[in-house]
>>> print(open('data-v5.cif').read())   # mmCIF, C-alpha atoms
data_query
loop_
_atom_site.group_PDB
_atom_site.id
_atom_site.type_symbol
_atom_site.label_atom_id
_atom_site.label_comp_id
_atom_site.auth_asym_id
_atom_site.auth_seq_id
_atom_site.Cartn_x
_atom_site.Cartn_y
_atom_site.Cartn_z
ATOM 1 C CA MET E 1 -18.387 18.278 2.686
ATOM 2 C CA ALA E 2 -18.767 15.500 5.266
ATOM 3 C CA GLU E 3 -16.754 15.796 8.459
ATOM 4 C CA GLU E 4 -14.677 12.693 7.680
ATOM 5 C CA ASP E 5 -13.788 14.038 4.220
ATOM 6 C CA ALA E 6 -12.778 17.529 5.337
ATOM 7 C CA GLN E 7 -9.171 18.612 5.032
ATOM 8 C CA ALA E 8 -7.372 20.340 7.870
ATOM 9 C CA ASP E 9 -6.647 24.021 7.476
ATOM 10 C CA PRO E 10 -2.837 23.850 7.107
ATOM 11 C CA GLU E 11 -1.912 27.049 8.904
ATOM 12 C CA ARG E 12 -4.347 26.475 11.757
ATOM 13 C CA ALA E 13 -3.159 22.886 12.161
ATOM 14 C CA ILE E 14 0.493 23.975 12.252
ATOM 15 C CA GLU E 15 -0.354 26.596 14.861
ATOM 16 C CA LEU E 16 -2.076 23.973 17.014
ATOM 17 C CA LEU E 17 0.685 21.385 16.566
ATOM 18 C CA TRP E 18 3.658 23.668 17.125
ATOM 19 C CA GLY E 19 2.188 26.291 19.424
ATOM 20 C CA ALA E 20 3.218 26.741 23.038
ATOM 21 C CA PRO E 21 1.721 24.031 25.288
ATOM 22 C CA GLU E 22 -1.230 25.187 27.328
ATOM 23 C CA PRO E 23 -1.046 25.198 31.139
ATOM 24 C CA ASP E 24 -2.498 22.154 32.870
ATOM 25 C CA ARG E 25 -5.750 23.380 34.393
ATOM 26 C CA PRO E 26 -8.886 21.579 35.587
ATOM 27 C CA GLY E 27 -11.741 21.199 33.141
ATOM 28 C CA LEU E 28 -11.828 21.027 29.372
ATOM 29 C CA SER E 29 -8.526 21.542 27.548
ATOM 30 C CA LEU E 30 -7.009 20.781 24.152
ATOM 31 C CA GLY E 31 -4.840 18.022 25.598
ATOM 32 C CA ARG E 32 -7.808 16.309 27.231
ATOM 33 C CA ILE E 33 -9.851 16.615 24.037
ATOM 34 C CA VAL E 34 -7.065 14.956 22.042
ATOM 35 C CA ALA E 35 -6.714 12.180 24.631
ATOM 36 C CA ALA E 36 -10.454 11.516 24.573
ATOM 37 C CA ALA E 37 -10.477 11.441 20.769
ATOM 38 C CA ILE E 38 -7.663 8.872 20.808
ATOM 39 C CA GLU E 39 -9.722 6.713 23.171
ATOM 40 C CA VAL E 40 -12.699 6.852 20.798
ATOM 41 C CA ALA E 41 -10.550 5.963 17.779
ATOM 42 C CA ASP E 42 -8.821 3.119 19.654
ATOM 43 C CA GLU E 43 -12.178 1.635 20.637
ATOM 44 C CA GLU E 44 -14.273 2.267 17.543
ATOM 45 C CA GLY E 45 -11.968 3.235 14.685
ATOM 46 C CA LEU E 46 -11.259 6.504 12.945
ATOM 47 C CA THR E 47 -14.426 6.501 10.835
ATOM 48 C CA ALA E 48 -16.515 6.342 14.020
ATOM 49 C CA LEU E 49 -14.745 9.361 15.508
ATOM 50 C CA SER E 50 -16.773 12.561 15.625
ATOM 51 C CA MET E 51 -16.701 15.796 17.556
ATOM 52 C CA ARG E 52 -20.034 14.766 19.075
ATOM 53 C CA LYS E 53 -18.644 11.500 20.478
ATOM 54 C CA VAL E 54 -15.668 13.313 21.965
ATOM 55 C CA ALA E 55 -17.966 15.900 23.554
ATOM 56 C CA GLU E 56 -20.047 13.117 25.092
ATOM 57 C CA ARG E 57 -16.983 11.930 26.983
ATOM 58 C CA PHE E 58 -16.987 15.223 28.835
ATOM 59 C CA GLY E 59 -20.736 15.534 29.165
ATOM 60 C CA THR E 60 -20.672 18.747 27.183
ATOM 61 C CA THR E 61 -21.838 20.040 23.808
ATOM 62 C CA THR E 62 -20.021 19.767 20.510
ATOM 63 C CA MET E 63 -19.851 23.552 20.248
ATOM 64 C CA SER E 64 -17.753 23.734 23.408
ATOM 65 C CA LEU E 65 -14.968 21.784 21.665
ATOM 66 C CA TYR E 66 -14.673 24.335 18.876
ATOM 67 C CA ARG E 67 -13.130 26.801 21.318
ATOM 68 C CA TYR E 68 -10.072 24.560 21.264
ATOM 69 C CA VAL E 69 -9.973 22.855 17.848
ATOM 70 C CA PRO E 70 -11.696 23.873 14.570
ATOM 71 C CA GLY E 71 -12.917 20.408 13.612
ATOM 72 C CA LYS E 72 -12.248 16.714 13.173
ATOM 73 C CA ALA E 73 -9.564 17.169 10.499
ATOM 74 C CA GLU E 74 -7.356 19.292 12.762
ATOM 75 C CA LEU E 75 -8.137 16.990 15.683
ATOM 76 C CA VAL E 76 -6.825 13.973 13.760
ATOM 77 C CA GLU E 77 -3.564 15.815 13.068
ATOM 78 C CA LEU E 78 -3.185 16.427 16.801
ATOM 79 C CA MET E 79 -4.060 12.803 17.597
ATOM 80 C CA ARG E 80 -1.405 11.513 15.216
ATOM 81 C CA ASP E 81 1.297 13.617 16.759
ATOM 82 C CA ALA E 82 0.200 12.773 20.293
ATOM 83 C CA VAL E 83 0.484 9.004 19.816
ATOM 84 C CA TYR E 84 3.863 9.354 18.111
ATOM 85 C CA GLY E 85 4.989 10.902 21.360
ATOM 86 C CA GLU E 86 4.750 7.369 22.818
ATOM 87 C CA LEU E 87 7.777 6.270 20.790
ATOM 88 C CA PRO E 88 10.901 6.142 22.958
ATOM 89 C CA LEU E 89 13.730 8.071 21.350
ATOM 90 C CA GLU E 90 16.605 7.391 23.697
ATOM 91 C CA SER E 91 20.110 7.671 22.320
ATOM 92 C CA ALA E 92 21.040 4.999 19.809
ATOM 93 C CA ALA E 93 24.737 5.386 20.622
ATOM 94 C CA GLY E 94 26.547 2.122 20.087
ATOM 95 C CA LEU E 95 23.992 0.847 17.586
ATOM 96 C CA GLY E 96 24.896 0.528 13.934
ATOM 97 C CA TRP E 97 22.534 1.731 11.233
ATOM 98 C CA ARG E 98 20.886 -1.669 10.771
ATOM 99 C CA ALA E 99 20.242 -2.411 14.439
ATOM 100 C CA GLY E 100 19.008 1.145 14.937
ATOM 101 C CA LEU E 101 16.570 1.034 12.026
ATOM 102 C CA GLU E 102 15.340 -2.408 13.059
ATOM 103 C CA ARG E 103 14.594 -1.135 16.556
ATOM 104 C CA TRP E 104 12.834 1.925 15.157
ATOM 105 C CA ALA E 105 10.726 -0.247 12.827
ATOM 106 C CA ARG E 106 9.694 -2.623 15.592
ATOM 107 C CA ARG E 107 8.642 0.225 17.837
ATOM 108 C CA ALA E 108 6.660 1.791 15.018
ATOM 109 C CA ARG E 109 4.879 -1.527 14.468
ATOM 110 C CA GLU E 110 3.956 -1.689 18.168
ATOM 111 C CA LEU E 111 2.612 1.847 17.952
ATOM 112 C CA HIS E 112 0.339 0.807 15.085
ATOM 113 C CA ARG E 113 -0.801 -2.221 17.082
ATOM 114 C CA ARG E 114 -1.862 -0.013 19.977
ATOM 115 C CA HIS E 115 -3.571 2.458 17.655
ATOM 116 C CA PRO E 116 -4.858 0.580 14.563
ATOM 117 C CA TRP E 117 -6.558 3.731 13.266
ATOM 118 C CA LEU E 118 -3.186 5.389 12.815
ATOM 119 C CA VAL E 119 -2.556 3.819 9.414
ATOM 120 C CA HIS E 120 -5.874 5.194 8.137
ATOM 121 C CA SER E 121 -4.827 8.706 9.110
ATOM 122 C CA ALA E 122 -1.733 8.646 6.894
ATOM 123 C CA GLY E 123 -1.396 10.681 3.725
ATOM 124 C CA THR E 124 1.070 12.636 1.623
ATOM 125 C CA ARG E 125 -0.245 15.952 2.962
ATOM 126 C CA ARG E 126 -0.560 15.095 6.619
ATOM 127 C CA LEU E 127 1.134 17.776 8.698
ATOM 128 C CA PRO E 128 3.872 16.546 11.036
ATOM 129 C CA GLY E 129 3.985 17.855 14.563
ATOM 130 C CA PRO E 130 6.979 17.952 16.915
ATOM 131 C CA ASN E 131 6.665 14.316 18.019
ATOM 132 C CA ILE E 132 6.450 13.002 14.462
ATOM 133 C CA MET E 133 9.400 15.135 13.384
ATOM 134 C CA ALA E 134 11.454 14.033 16.387
ATOM 135 C CA GLY E 135 10.889 10.384 15.457
ATOM 136 C CA TYR E 136 11.745 11.051 11.825
ATOM 137 C CA ASP E 137 14.879 12.942 12.808
ATOM 138 C CA HIS E 138 15.900 10.046 15.059
ATOM 139 C CA ALA E 139 15.534 7.562 12.191
ATOM 140 C CA LEU E 140 17.518 9.824 9.853
ATOM 141 C CA ASP E 141 20.304 10.078 12.409
ATOM 142 C CA VAL E 142 20.461 6.291 12.674
ATOM 143 C CA ALA E 143 20.367 5.755 8.905
ATOM 144 C CA SER E 144 23.115 8.354 8.404
ATOM 145 C CA ARG E 145 25.533 5.975 10.120
ATOM 146 C CA SER E 146 25.435 3.862 6.976
ATOM 147 C CA GLY E 147 27.646 6.374 5.185
ATOM 148 C CA LEU E 148 25.155 6.575 2.303
ATOM 149 C CA PRO E 149 24.646 9.862 0.421
ATOM 150 C CA PRO E 150 22.059 12.218 1.956
ATOM 151 C CA ALA E 151 19.367 11.517 -0.650
ATOM 152 C CA GLN E 152 19.733 7.776 -0.092
ATOM 153 C CA VAL E 153 19.593 8.162 3.697
ATOM 154 C CA ILE E 154 16.214 9.879 3.361
ATOM 155 C CA ALA E 155 15.019 7.269 0.856
ATOM 156 C CA VAL E 156 16.044 4.421 3.185
ATOM 157 C CA VAL E 157 14.093 5.852 6.124
ATOM 158 C CA ASN E 158 11.041 6.382 3.917
ATOM 159 C CA LEU E 159 11.403 2.831 2.580
ATOM 160 C CA VAL E 160 11.510 1.233 6.040
ATOM 161 C CA GLY E 161 8.723 3.456 7.350
ATOM 162 C CA GLY E 162 6.586 2.678 4.311
ATOM 163 C CA PHE E 163 7.121 -1.043 4.836
ATOM 164 C CA VAL E 164 5.935 -0.823 8.450
ATOM 165 C CA GLU E 165 2.876 1.143 7.376
ATOM 166 C CA SER E 166 2.054 -1.377 4.635
ATOM 167 C CA VAL E 167 2.147 -4.335 7.035
ATOM 168 C CA ALA E 168 0.137 -2.391 9.615
ATOM 169 C CA ARG E 169 -2.519 -1.675 7.001
ATOM 170 C CA GLN E 170 -2.843 -5.359 6.066
ATOM 171 C CA VAL E 171 -3.025 -6.438 9.713
ATOM 172 C CA GLY E 172 -5.588 -3.749 10.454
ATOM 173 C CA GLU E 173 -7.815 -4.704 7.529
ATOM 174 C CA THR E 174 -7.734 -8.375 8.575
ATOM 175 C CA ALA E 175 -8.575 -7.521 12.177
ATOM 176 C CA GLU E 176 -11.433 -5.243 11.115
ATOM 177 C CA LEU E 177 -12.947 -7.968 8.906
ATOM 178 C CA GLN E 178 -12.730 -10.469 11.740
ATOM 179 C CA ARG E 179 -14.374 -7.990 14.120
ATOM 180 C CA SER E 180 -17.173 -7.026 11.742
ATOM 181 C CA THR E 181 -17.993 -10.554 10.514
ATOM 182 C CA GLY E 182 -17.195 -12.612 13.594
ATOM 183 C CA VAL E 183 -15.275 -15.050 11.384
ATOM 184 C CA SER E 184 -11.531 -15.491 11.796
ATOM 185 C CA HIS E 185 -9.195 -15.057 8.836
ATOM 186 C CA GLU E 186 -8.061 -18.698 9.062
ATOM 187 C CA ARG E 187 -11.607 -20.073 9.230
ATOM 188 C CA TRP E 188 -12.792 -17.973 6.293
ATOM 189 C CA TRP E 189 -10.025 -19.283 4.033
ATOM 190 C CA SER E 190 -10.357 -22.862 5.285
ATOM 191 C CA GLU E 191 -13.949 -22.850 4.041
ATOM 192 C CA ARG E 192 -12.999 -21.933 0.477
ATOM 193 C CA GLU E 193 -12.794 -25.533 -0.752
ATOM 194 C CA SER E 194 -14.511 -24.620 -4.003
ATOM 195 C CA LEU E 195 -11.574 -22.316 -4.753
ATOM 196 C CA PHE E 196 -8.905 -24.839 -3.810
ATOM 197 C CA GLU E 197 -10.466 -27.402 -6.147
ATOM 198 C CA ARG E 198 -9.667 -25.059 -9.031
ATOM 199 C CA LEU E 199 -5.959 -24.640 -8.268
ATOM 200 C CA ASP E 200 -5.039 -26.940 -11.147
ATOM 201 C CA ALA E 201 -5.419 -23.864 -13.340
ATOM 202 C CA CYS E 202 -2.414 -22.376 -11.483
ATOM 203 C CA PRO E 203 0.240 -25.128 -11.553
ATOM 204 C CA ALA E 204 2.965 -23.249 -9.662
ATOM 205 C CA LEU E 205 0.580 -22.180 -6.903
ATOM 206 C CA GLY E 206 -0.984 -25.623 -6.745
ATOM 207 C CA LYS E 207 2.398 -27.311 -6.441
ATOM 208 C CA LEU E 208 3.482 -25.028 -3.618
ATOM 209 C CA TRP E 209 0.179 -25.483 -1.822
ATOM 210 C CA ARG E 210 0.295 -29.282 -2.059
ATOM 211 C CA SER E 211 3.925 -29.326 -0.892
ATOM 212 C CA GLY E 212 3.000 -27.492 2.309
ATOM 213 C CA GLY E 213 4.235 -24.058 1.366
ATOM 214 C CA MET E 214 1.135 -22.480 2.890
ATOM 215 C CA ASP E 215 0.891 -24.642 5.991
ATOM 216 C CA ALA E 216 3.154 -22.429 8.101
ATOM 217 C CA PRO E 217 3.331 -18.975 6.495
ATOM 218 C CA LEU E 218 6.310 -16.815 7.346
ATOM 219 C CA ASP E 219 5.623 -13.791 9.486
ATOM 220 C CA PRO E 220 5.220 -10.982 6.927
ATOM 221 C CA PHE E 221 6.737 -8.364 9.216
ATOM 222 C CA GLU E 222 9.793 -10.372 10.258
ATOM 223 C CA PHE E 223 10.479 -11.678 6.757
ATOM 224 C CA GLY E 224 9.839 -8.358 5.045
ATOM 225 C CA LEU E 225 11.817 -6.245 7.487
ATOM 226 C CA GLN E 226 14.934 -8.390 7.186
ATOM 227 C CA ARG E 227 14.718 -8.514 3.385
ATOM 228 C CA THR E 228 14.233 -4.738 3.266
ATOM 229 C CA LEU E 229 17.301 -4.208 5.446
ATOM 230 C CA ASP E 230 19.224 -6.772 3.373
ATOM 231 C CA GLY E 231 18.587 -4.586 0.343
ATOM 232 C CA VAL E 232 19.872 -1.525 2.166
ATOM 233 C CA GLN E 233 22.885 -3.556 3.298
ATOM 234 C CA MET E 234 23.765 -4.285 -0.326
ATOM 235 C CA LEU E 235 23.565 -0.584 -1.067
ATOM 236 C CA VAL E 236 25.861 0.177 1.863
ATOM 237 C CA ASP E 237 28.327 -2.547 0.903
ATOM 238 C CA ASN E 238 28.534 -1.208 -2.658
ATOM 239 C CA ARG E 239 28.774 2.469 -1.790
ATOM 240 C CA GLY E 240 32.549 2.557 -2.143
ATOM 241 C CA SER E 241 32.719 0.514 -5.340
ATOM 242 C CA GLU E 242 33.721 2.185 -8.572
ATOM 243 C CA VAL E 243 30.907 3.114 -10.907
ATOM 244 C CA ILE E 244 31.305 2.438 -14.586
ATOM 245 C CA ARG E 245 30.810 5.722 -16.383
ATOM 246 C CA ASP E 246 30.193 6.180 -20.029
ATOM 247 C CA GLU E 247 32.116 8.576 -22.220
ATOM 248 C CA ILE E 248 29.403 11.216 -22.184
ATOM 249 C CA GLY E 249 28.482 11.539 -18.550
ATOM 250 C CA GLY E 250 30.610 11.283 -15.462
ATOM 251 C CA GLY E 251 27.986 9.757 -13.198
ATOM 252 C CA GLU E 252 26.889 11.314 -9.929
ATOM 253 C CA CYS E 253 28.639 12.313 -6.740
ATOM 254 C CA VAL E 254 28.058 9.480 -4.264
ATOM 255 C CA MET E 255 27.711 12.016 -1.455
ATOM 256 C CA CYS E 256 25.369 14.715 -2.736
ATOM 257 C CA GLY E 257 24.127 13.281 -6.036
ATOM 258 C CA LYS E 258 25.357 16.160 -8.198
ATOM 259 C CA PRO E 259 26.463 15.224 -11.736
ATOM 260 C CA LEU E 260 30.183 14.692 -12.266
ATOM 261 C CA ASP E 261 31.793 16.260 -15.317
ATOM 262 C CA GLY E 262 33.457 13.013 -16.403
ATOM 263 C CA GLY E 263 36.578 14.862 -17.449
ATOM 264 C CA GLY E 264 40.157 14.245 -16.449
ATOM 265 C CA ARG E 265 42.295 11.165 -16.579
ATOM 266 C CA GLY E 266 43.034 8.270 -14.319
ATOM 267 C CA ARG E 267 40.700 6.738 -11.754
ATOM 268 C CA PRO E 268 37.038 7.833 -12.142
ATOM 269 C CA ARG E 269 35.955 10.302 -9.493
ATOM 270 C CA ASP E 270 33.335 9.471 -6.851
ATOM 271 C CA TYR E 271 32.913 13.007 -5.489
ATOM 272 C CA CYS E 272 32.101 16.341 -7.051
ATOM 273 C CA SER E 273 34.330 18.269 -4.670
ATOM 274 C CA ARG E 274 36.890 17.978 -1.931
ATOM 275 C CA ALA E 275 34.200 18.990 0.561
ATOM 276 C CA CYS E 276 32.009 16.006 -0.354
ATOM 277 C CA GLN E 277 34.987 13.695 -0.129
ATOM 278 C CA GLN E 278 35.764 14.956 3.380
ATOM 279 C CA ARG E 279 32.120 14.629 4.451
ATOM 280 C CA ALA E 280 32.096 11.008 3.263
ATOM 281 C CA TYR E 281 35.289 10.322 5.193
ATOM 282 C CA ARG E 282 33.829 11.795 8.392
ATOM 283 C CA GLN E 283 30.658 9.714 8.013
ATOM 284 C CA ARG E 284 32.679 6.525 7.561
ATOM 285 C CA GLN E 285 34.699 7.320 10.650
ATOM 286 C CA ALA E 286 31.549 8.010 12.676
ATOM 287 C CA ALA E 287 29.944 4.772 11.487
ATOM 288 C CA GLN E 288 32.993 2.785 12.568
ATOM 289 C CA SER E 289 33.259 4.409 16.004
#
>>> encode(input="data-v5.cif", output="structure tokens")
Amino acid sequence: MAEEDAQADPERAIELLWGAPEPDRPGLSLGRIVAAAIEVADEEGLTALSMRKVAERFGTTTMSLYRYVPGKAELVELMRDAVYGELPLESAAGLGWRAGLERWARRARELHRRHPWLVHSAGTRRLPGPNIMAGYDHALDVASRSGLPPAQVIAVVNLVGGFVESVARQVGETAELQRSTGVSHERWWSERESLFERLDACPALGKLWRSGGMDAPLDPFEFGLQRTLDGVQMLVDNRGSEVIRDEIGGGECVMCGKPLDGGGRGRPRDYCSRACQQRAYRQRQAAQS
């Protein structure tokens, strides 16, 4: 298996990520190896990263690095967590859920700008280290101020984080094409006259193009972030509304998501228990303070 295709050994990676920090001593160290690897990836991209190139930064052999890290896969896990440590996580006291998530999203976008390779290191089985988990916990704390049920709080943070990653991926791919070809994105599209001459086959697109809809494109990050948060806002605004329940099922508890029995008379229930009702009340009070 090629080095770039290898998967990190999960237990070894967790040990490296969460182990006690090593003392700061002169010479080669795990921290310095990670920092050098980040420099290589920042300059040349993740695919260009190799244990050999990192070793060259220290004027040593590749084998000397293996005393500290098993291979490139584990090194990338350490690099990811190290750069996430750049995210400031000061208290968000006084910020509502929307302002807090917007700030978190903007800082995450800046992180991806500084380290374009970061988006290519993502994956559903990437192991989070302490810095990544601290940032995730911070975002969950902010989103919890919305008063949404726990499952929706987690989904909202994943939604906003996924949006940032998606935009970062598009920006990174455009930048890489410009770097590798020497042709800017704008120039490349401006030279596609043969394509534009065929837009009559797409009347809606052609109409928008001729009316200037593509002359000043909206910033995809700014537009997308606000529309994403608008969607969450609708969810928050509707969280206290009554849910129409059919005669068979009683719906779900708006706090924990457990099914409601649908029995009883009078006003339909929103909570499966008194405990969930009290938790919802405390969250609303915290959000308003």
>>> residues_near_point(input="data-v5.cif", point="(-15.3, 22.9, 25.6)", cutoff="6 Å", atoms="all atoms listed in the file", output="list in words")
Leu28, Ser64 and Leu65 of chain E
>>> resolve_selection(input="data-v5.cif", expression="the PyMOL selection byres ((chain E and resi 89) around 12)", output="list in words")
Tyr84, Gly85, Glu86, Leu87, Pro88, Glu90, Ser91, Ala92, Ala93, Gly100, Arg103, Trp104, Arg107, Ala108, Asn131, Ile132, Met133, Ala134, Gly135, Tyr136, Asp137, His138, Ala139, Asp141 and Val142 of chain E
>>> resolve_selection(input="data-v5.cif", expression="the PyMOL selection byres ((chain E and resi 123) around 12)", output="short mmCIF file (atom, residue, chain, number, x, y, z; two decimals) with C-alpha atoms, in the coordinates of the input")
data_model
loop_
_atom_site.label_atom_id
_atom_site.label_comp_id
_atom_site.auth_asym_id
_atom_site.auth_seq_id
_atom_site.Cartn_x
_atom_site.Cartn_y
_atom_site.Cartn_z
CA GLN E 7 -9.17 18.61 5.03
CA VAL E 76 -6.82 13.97 13.76
CA GLU E 77 -3.56 15.82 13.07
CA ARG E 80 -1.40 11.51 15.22
CA LEU E 118 -3.19 5.39 12.82
CA VAL E 119 -2.56 3.82 9.41
CA HIS E 120 -5.87 5.19 8.14
CA SER E 121 -4.83 8.71 9.11
CA ALA E 122 -1.73 8.65 6.89
CA THR E 124 1.07 12.64 1.62
CA ARG E 125 -0.24 15.95 2.96
CA ARG E 126 -0.56 15.10 6.62
CA LEU E 127 1.13 17.78 8.70
CA PRO E 128 3.87 16.55 11.04
CA GLY E 162 6.59 2.68 4.31
CA GLU E 165 2.88 1.14 7.38
#
>>> residues_around(input="data-v5.cif", residues="Ala280 in chain E", least_positions_apart="4", cutoff="12 Å", atoms="all atoms listed in the file", output="VMD selection string")
chain E and resid 144 to 150 239 to 240 253 to 256 270 to 276 284 to 287
>>> atom_distance(input="data-v5.cif", atom1="CA of Arg113 in chain E", atom2="CA of Leu218 in chain E")
18.9 Å
>>> residues_around(input="data-v5.cif", residues="Pro130 in chain E", least_positions_apart="5", cutoff="8 Å", atoms="only C-alpha atoms", output="NGL selection string")
:E and (17-18 or 81)
>>> resolve_selection(input="data-v5.cif", expression="the PyMOL selection byres ((chain E and resi 49) around 12)", output="ChimeraX atom specification")
/E:3-4,34,36-48,50-57,71-73,75-76,79,117,121
>>> axis_aligned_box(input="data-v5.cif", around="range 191-209 of chain E", padding_each_side="8 Å", output="lines of an AutoDock Vina configuration file")
center_x = -5.5
center_y = -24.7
center_z = -4.6
size_x = 34.0
size_y = 21.5
size_z = 33.4
>>> atom_distance(input="data-v5.cif", atom1="CA of His112 in chain E", atom2="CA of Glu222 in chain E")
15.4 Å
>>> atom_distance(input="data-v5.cif", atom1="CA of Leu16 in chain E", atom2="CA of Gly31 in chain E")
10.8 Å
>>> build_atoms(input="data-v5.cif", residues="range 113-132 of chain E", atoms="N, CA and C atoms", output="PDB file, in the coordinates of the input")
ATOM      1  N   ARG E 113       0.013  -1.208  16.423  1.00  0.00           N
ATOM      2  CA  ARG E 113      -0.801  -2.221  17.082  1.00  0.00           C
ATOM      3  C   ARG E 113      -1.667  -1.602  18.177  1.00  0.00           C
ATOM      4  N   ARG E 114      -1.096  -0.661  18.906  1.00  0.00           N
ATOM      5  CA  ARG E 114      -1.862  -0.013  19.977  1.00  0.00           C
ATOM      6  C   ARG E 114      -2.930   0.920  19.423  1.00  0.00           C
ATOM      7  N   HIS E 115      -2.647   1.491  18.255  1.00  0.00           N
ATOM      8  CA  HIS E 115      -3.571   2.458  17.655  1.00  0.00           C
ATOM      9  C   HIS E 115      -3.812   2.076  16.189  1.00  0.00           C
ATOM     10  N   PRO E 116      -4.652   1.060  15.934  1.00  0.00           N
ATOM     11  CA  PRO E 116      -4.858   0.580  14.563  1.00  0.00           C
ATOM     12  C   PRO E 116      -5.367   1.650  13.602  1.00  0.00           C
ATOM     13  N   TRP E 117      -6.027   2.662  14.109  1.00  0.00           N
ATOM     14  CA  TRP E 117      -6.558   3.731  13.266  1.00  0.00           C
ATOM     15  C   TRP E 117      -5.457   4.592  12.656  1.00  0.00           C
ATOM     16  N   LEU E 118      -4.276   4.499  13.226  1.00  0.00           N
ATOM     17  CA  LEU E 118      -3.186   5.389  12.815  1.00  0.00           C
ATOM     18  C   LEU E 118      -2.880   5.260  11.333  1.00  0.00           C
ATOM     19  N   VAL E 119      -2.896   4.034  10.816  1.00  0.00           N
ATOM     20  CA  VAL E 119      -2.556   3.819   9.414  1.00  0.00           C
ATOM     21  C   VAL E 119      -3.582   4.459   8.495  1.00  0.00           C
ATOM     22  N   HIS E 120      -4.829   4.581   8.955  1.00  0.00           N
ATOM     23  CA  HIS E 120      -5.874   5.194   8.137  1.00  0.00           C
ATOM     24  C   HIS E 120      -5.819   6.713   8.179  1.00  0.00           C
ATOM     25  N   SER E 121      -4.970   7.253   9.030  1.00  0.00           N
ATOM     26  CA  SER E 121      -4.827   8.706   9.110  1.00  0.00           C
ATOM     27  C   SER E 121      -3.636   9.195   8.304  1.00  0.00           C
ATOM     28  N   ALA E 122      -2.932   8.269   7.644  1.00  0.00           N
ATOM     29  CA  ALA E 122      -1.733   8.646   6.894  1.00  0.00           C
ATOM     30  C   ALA E 122      -2.108   9.321   5.580  1.00  0.00           C
ATOM     31  N   GLY E 123      -1.159  10.016   5.003  1.00  0.00           N
ATOM     32  CA  GLY E 123      -1.396  10.681   3.725  1.00  0.00           C
ATOM     33  C   GLY E 123      -0.211  11.553   3.357  1.00  0.00           C
ATOM     34  N   THR E 124      -0.090  11.876   2.085  1.00  0.00           N
ATOM     35  CA  THR E 124       1.070  12.636   1.623  1.00  0.00           C
ATOM     36  C   THR E 124       1.029  14.094   2.055  1.00  0.00           C
ATOM     37  N   ARG E 125      -0.143  14.566   2.516  1.00  0.00           N
ATOM     38  CA  ARG E 125      -0.245  15.952   2.962  1.00  0.00           C
ATOM     39  C   ARG E 125      -0.644  16.064   4.429  1.00  0.00           C
ATOM     40  N   ARG E 126      -0.371  15.015   5.187  1.00  0.00           N
ATOM     41  CA  ARG E 126      -0.560  15.095   6.619  1.00  0.00           C
ATOM     42  C   ARG E 126       0.542  15.965   7.212  1.00  0.00           C
ATOM     43  N   LEU E 127       0.174  16.825   8.137  1.00  0.00           N
ATOM     44  CA  LEU E 127       1.134  17.776   8.698  1.00  0.00           C
ATOM     45  C   LEU E 127       1.843  17.171   9.906  1.00  0.00           C
ATOM     46  N   PRO E 128       3.149  17.116   9.893  1.00  0.00           N
ATOM     47  CA  PRO E 128       3.872  16.546  11.036  1.00  0.00           C
ATOM     48  C   PRO E 128       3.994  17.543  12.177  1.00  0.00           C
ATOM     49  N   GLY E 129       3.781  17.044  13.371  1.00  0.00           N
ATOM     50  CA  GLY E 129       3.985  17.855  14.563  1.00  0.00           C
ATOM     51  C   GLY E 129       5.347  17.563  15.163  1.00  0.00           C
ATOM     52  N   PRO E 130       5.651  18.116  16.311  1.00  0.00           N
ATOM     53  CA  PRO E 130       6.979  17.952  16.915  1.00  0.00           C
ATOM     54  C   PRO E 130       7.336  16.514  17.253  1.00  0.00           C
ATOM     55  N   ASN E 131       6.365  15.706  17.689  1.00  0.00           N
ATOM     56  CA  ASN E 131       6.665  14.316  18.019  1.00  0.00           C
ATOM     57  C   ASN E 131       6.978  13.498  16.770  1.00  0.00           C
ATOM     58  N   ILE E 132       6.200  13.714  15.716  1.00  0.00           N
ATOM     59  CA  ILE E 132       6.450  13.002  14.462  1.00  0.00           C
ATOM     60  C   ILE E 132       7.810  13.390  13.898  1.00  0.00           C
TER      61      ILE E 132
END
